[in-house]
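The next block is query31.txt, given as compact mmCIF, N, CA and C atoms.
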# COMPACT_ATOMS: atom_id res chain seq x y z
N MET A 1 -10.13 -4.62 7.73
CA MET A 1 -10.09 -3.16 7.67
C MET A 1 -9.20 -2.72 6.52
N CYS A 2 -9.50 -1.55 6.02
CA CYS A 2 -8.64 -0.97 5.00
C CYS A 2 -8.57 0.53 5.21
N GLY A 3 -7.57 1.13 4.65
CA GLY A 3 -7.43 2.58 4.69
C GLY A 3 -7.08 3.07 3.30
N ILE A 4 -7.61 4.20 2.94
CA ILE A 4 -7.36 4.75 1.62
C ILE A 4 -6.83 6.17 1.77
N VAL A 5 -5.78 6.47 1.03
CA VAL A 5 -5.19 7.81 1.01
C VAL A 5 -5.18 8.26 -0.45
N GLY A 6 -5.62 9.47 -0.70
CA GLY A 6 -5.61 10.00 -2.06
C GLY A 6 -5.01 11.38 -2.09
N TYR A 7 -4.56 11.79 -3.27
CA TYR A 7 -3.98 13.12 -3.43
C TYR A 7 -4.16 13.57 -4.87
N ILE A 8 -4.59 14.81 -5.03
CA ILE A 8 -4.62 15.45 -6.34
C ILE A 8 -3.91 16.78 -6.18
N GLY A 9 -2.90 17.03 -6.98
CA GLY A 9 -2.16 18.28 -6.86
C GLY A 9 -0.88 18.23 -7.66
N LYS A 10 -0.07 19.24 -7.48
CA LYS A 10 1.17 19.37 -8.26
C LYS A 10 2.42 18.90 -7.53
N ASP A 11 2.29 18.63 -6.23
CA ASP A 11 3.46 18.15 -5.48
C ASP A 11 3.69 16.67 -5.78
N ASN A 12 4.74 16.10 -5.21
CA ASN A 12 5.10 14.70 -5.43
C ASN A 12 4.06 13.79 -4.77
N ALA A 13 3.14 13.26 -5.57
CA ALA A 13 2.04 12.44 -5.04
C ALA A 13 2.55 11.20 -4.33
N LYS A 14 3.59 10.59 -4.87
CA LYS A 14 4.12 9.35 -4.29
C LYS A 14 4.49 9.56 -2.83
N ASN A 15 5.24 10.60 -2.54
CA ASN A 15 5.68 10.85 -1.16
C ASN A 15 4.51 11.20 -0.24
N ILE A 16 3.57 11.97 -0.73
CA ILE A 16 2.42 12.36 0.09
C ILE A 16 1.57 11.13 0.42
N ILE A 17 1.35 10.26 -0.55
CA ILE A 17 0.55 9.06 -0.32
C ILE A 17 1.27 8.11 0.62
N LEU A 18 2.57 7.92 0.43
CA LEU A 18 3.33 7.05 1.34
C LEU A 18 3.29 7.57 2.78
N ASP A 19 3.40 8.87 2.96
CA ASP A 19 3.30 9.44 4.31
C ASP A 19 1.93 9.15 4.92
N GLY A 20 0.88 9.29 4.12
CA GLY A 20 -0.46 8.99 4.61
C GLY A 20 -0.62 7.53 4.98
N LEU A 21 -0.06 6.63 4.16
CA LEU A 21 -0.14 5.20 4.46
C LEU A 21 0.61 4.86 5.74
N LYS A 22 1.74 5.53 5.96
CA LYS A 22 2.52 5.29 7.19
C LYS A 22 1.70 5.66 8.43
N LYS A 23 0.88 6.70 8.32
CA LYS A 23 0.04 7.11 9.45
C LYS A 23 -1.04 6.08 9.74
N LEU A 24 -1.42 5.29 8.75
CA LEU A 24 -2.42 4.24 8.94
C LEU A 24 -1.80 2.89 9.32
N GLU A 25 -0.49 2.76 9.19
CA GLU A 25 0.19 1.47 9.35
C GLU A 25 -0.02 0.87 10.74
N TYR A 26 -0.15 1.67 11.76
CA TYR A 26 -0.30 1.16 13.12
C TYR A 26 -1.52 0.26 13.27
N ARG A 27 -2.45 0.31 12.35
CA ARG A 27 -3.67 -0.49 12.44
C ARG A 27 -3.42 -1.97 12.19
N GLY A 28 -2.22 -2.33 11.78
CA GLY A 28 -1.87 -3.73 11.61
C GLY A 28 -2.12 -4.28 10.22
N TYR A 29 -2.12 -3.43 9.21
CA TYR A 29 -2.32 -3.93 7.85
C TYR A 29 -1.18 -4.85 7.46
N ASP A 30 -1.49 -5.83 6.61
CA ASP A 30 -0.46 -6.78 6.21
C ASP A 30 0.02 -6.57 4.78
N SER A 31 -0.47 -5.52 4.12
CA SER A 31 -0.02 -5.22 2.78
C SER A 31 -0.41 -3.78 2.42
N ALA A 32 0.19 -3.28 1.33
CA ALA A 32 -0.12 -1.92 0.88
C ALA A 32 0.12 -1.84 -0.61
N GLY A 33 -0.55 -0.89 -1.23
CA GLY A 33 -0.36 -0.67 -2.65
C GLY A 33 -0.55 0.80 -2.98
N ILE A 34 -0.08 1.18 -4.15
CA ILE A 34 -0.19 2.55 -4.59
C ILE A 34 -0.39 2.54 -6.11
N ALA A 35 -1.22 3.45 -6.59
CA ALA A 35 -1.40 3.63 -8.03
C ALA A 35 -1.08 5.09 -8.34
N ILE A 36 -0.19 5.30 -9.28
CA ILE A 36 0.21 6.66 -9.66
C ILE A 36 0.19 6.79 -11.19
N ILE A 37 0.02 8.00 -11.66
CA ILE A 37 0.04 8.24 -13.10
C ILE A 37 1.47 8.63 -13.49
N VAL A 38 2.03 7.88 -14.43
CA VAL A 38 3.38 8.11 -14.93
C VAL A 38 3.28 8.21 -16.45
N ASN A 39 3.65 9.37 -16.99
CA ASN A 39 3.58 9.60 -18.44
C ASN A 39 2.20 9.29 -19.00
N GLY A 40 1.16 9.69 -18.25
CA GLY A 40 -0.22 9.50 -18.71
C GLY A 40 -0.79 8.12 -18.53
N LYS A 41 -0.05 7.21 -17.92
CA LYS A 41 -0.53 5.84 -17.70
C LYS A 41 -0.54 5.52 -16.22
N ILE A 42 -1.52 4.74 -15.78
CA ILE A 42 -1.61 4.34 -14.38
C ILE A 42 -0.68 3.16 -14.14
N LYS A 43 0.20 3.31 -13.15
CA LYS A 43 1.09 2.22 -12.73
C LYS A 43 0.72 1.84 -11.30
N THR A 44 0.65 0.56 -11.03
CA THR A 44 0.34 0.09 -9.68
C THR A 44 1.52 -0.69 -9.11
N PHE A 45 1.71 -0.54 -7.81
CA PHE A 45 2.75 -1.24 -7.08
C PHE A 45 2.12 -1.81 -5.82
N LYS A 46 2.39 -3.06 -5.50
CA LYS A 46 1.82 -3.71 -4.32
C LYS A 46 2.91 -4.50 -3.60
N ARG A 47 2.83 -4.50 -2.29
CA ARG A 47 3.78 -5.28 -1.49
C ARG A 47 3.11 -5.78 -0.21
N GLU A 48 3.49 -6.97 0.20
CA GLU A 48 3.06 -7.49 1.50
C GLU A 48 3.97 -6.92 2.58
N GLY A 49 3.46 -6.91 3.80
CA GLY A 49 4.27 -6.48 4.94
C GLY A 49 4.19 -4.99 5.18
N LYS A 50 5.25 -4.45 5.71
CA LYS A 50 5.32 -3.05 6.12
C LYS A 50 5.37 -2.10 4.92
N ILE A 51 5.05 -0.84 5.18
CA ILE A 51 5.08 0.19 4.15
C ILE A 51 6.49 0.33 3.57
N ARG A 52 7.50 0.10 4.36
CA ARG A 52 8.88 0.24 3.85
C ARG A 52 9.14 -0.76 2.70
N ASN A 53 8.44 -1.89 2.68
CA ASN A 53 8.56 -2.83 1.56
C ASN A 53 8.06 -2.20 0.27
N LEU A 54 6.97 -1.46 0.39
CA LEU A 54 6.42 -0.76 -0.77
C LEU A 54 7.36 0.37 -1.19
N GLU A 55 7.91 1.07 -0.23
CA GLU A 55 8.87 2.16 -0.53
C GLU A 55 10.06 1.62 -1.33
N CYS A 56 10.57 0.46 -0.93
CA CYS A 56 11.72 -0.13 -1.64
C CYS A 56 11.35 -0.44 -3.08
N GLU A 57 10.13 -0.89 -3.31
CA GLU A 57 9.66 -1.19 -4.67
C GLU A 57 9.60 0.08 -5.51
N LEU A 58 9.23 1.20 -4.90
CA LEU A 58 9.07 2.45 -5.62
C LEU A 58 10.38 3.17 -5.88
N ASN A 59 11.42 2.88 -5.10
CA ASN A 59 12.71 3.58 -5.27
C ASN A 59 13.61 2.92 -6.26
Starting from the file, lay out its structure as structure tokens.
Amino acid sequence: MCGIVGYIGKDNAKNIILDGLKKLEYRGYDSAGIAIIVNGKIKTFKREGKIRNLECELN
């Protein structure tokens, strides 16, 4: 199974996407990733385990 969260807008996309991923976390996923645009370039971040592991990578 997989879950996808997306956001287009002017607010902080990183926080909105992480909140959405947390709502899907109960399904038992074993990894998560996020792609965001930074200075016109796409950056990707991936981590195994809980969403908090991904949060630590992003902070």
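Nearest residue to A:Leu21, choosing from A:Ile51, A:Ile42, A:Glu57, A:Ile37 and counting all atoms listed in the file: A:Ile51.
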Enclose the full set of atoms of stretch 28-47 of chain A listed in the file within a box whose edges lie along x, y and z, apply 3 Å of padding to each of the six sides, and report centre and edge lengths in Å to one decimal as AutoDock Vina command-line options.
--center_x 0.7 --center_y 1.5 --center_z -3.6 --size_x 12.1 --size_y 22.5 --size_z 36.8
So that I can see what lies close to A:Val5, please list as an NGL selection string the residues with an atom at most 9 Å from it, counting only C-alpha atoms and leaving out residues fewer than 3 positions away in the same chain.
:A and (16-18 or 20-21)
Among chain A, which residues carry a DSSP assignment of alpha helix (DSSP H), reported as a ChimeraX atom specification?
/A:13-24,51-58
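From atom N of A:Cys56 back to atom CA of A:Asp30, the distance works out to 15.0 Å.
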Would you work out the distance separating atom CA of A:Arg27 from atom C of A:Gly3, expressed in Å to one decimal?
10.4 Å
Which of chain A fall in strand (DSSP E), as JSON, numbers by chain
{"A": [31, 32, 33, 34, 35, 36, 37, 38, 41, 42, 43, 44, 45, 46, 47, 48]}
Find the distance between atom N of A:Asn15 and atom N of A:Cys2 and write it in Å to one decimal.
20.9 Å
Find the spatial neighbours of A:Ala35, counting only N, CA and C atoms, within a cut-off of 8 Å - ignore same-chain residues fewer than 4 positions away - and output them as a PyMOL selection string.
chain A and resi 14+41-46
Could you please take those selected residues and save N, CA and C atoms as a PDB file, in the coordinates of the input?
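And here's again02.pdb as it stands now:
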ATOM      1  N   LYS A  14       3.590  10.590  -4.870  1.00  0.00           N
ATOM      2  CA  LYS A  14       4.120   9.350  -4.290  1.00  0.00           C
ATOM      3  C   LYS A  14       4.490   9.560  -2.830  1.00  0.00           C
ATOM      4  N   LYS A  41      -0.050   7.210 -17.920  1.00  0.00           N
ATOM      5  CA  LYS A  41      -0.530   5.840 -17.700  1.00  0.00           C
ATOM      6  C   LYS A  41      -0.540   5.520 -16.220  1.00  0.00           C
ATOM      7  N   ILE A  42      -1.520   4.740 -15.780  1.00  0.00           N
ATOM      8  CA  ILE A  42      -1.610   4.340 -14.380  1.00  0.00           C
ATOM      9  C   ILE A  42      -0.680   3.160 -14.140  1.00  0.00           C
ATOM     10  N   LYS A  43       0.200   3.310 -13.150  1.00  0.00           N
ATOM     11  CA  LYS A  43       1.090   2.220 -12.730  1.00  0.00           C
ATOM     12  C   LYS A  43       0.720   1.840 -11.300  1.00  0.00           C
ATOM     13  N   THR A  44       0.650   0.560 -11.030  1.00  0.00           N
ATOM     14  CA  THR A  44       0.340   0.090  -9.680  1.00  0.00           C
ATOM     15  C   THR A  44       1.520  -0.690  -9.110  1.00  0.00           C
ATOM     16  N   PHE A  45       1.710  -0.540  -7.810  1.00  0.00           N
ATOM     17  CA  PHE A  45       2.750  -1.240  -7.080  1.00  0.00           C
ATOM     18  C   PHE A  45       2.120  -1.810  -5.820  1.00  0.00           C
ATOM     19  N   LYS A  46       2.390  -3.060  -5.500  1.00  0.00           N
ATOM     20  CA  LYS A  46       1.820  -3.710  -4.320  1.00  0.00           C
ATOM     21  C   LYS A  46       2.910  -4.500  -3.600  1.00  0.00           C
TER      22      LYS A  46
END
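Using only C-alpha atoms, the nearest neighbour of A:Ala13 within the list A:Asn53, A:Tyr26, A:Asn39, A:Ile34 is A:Ile34.
Distance check against A:Leu54 using only C-alpha atoms: of A:Gly9, A:Asp19, A:Ile4, A:Gly33, the minimum falls on A:Gly33.
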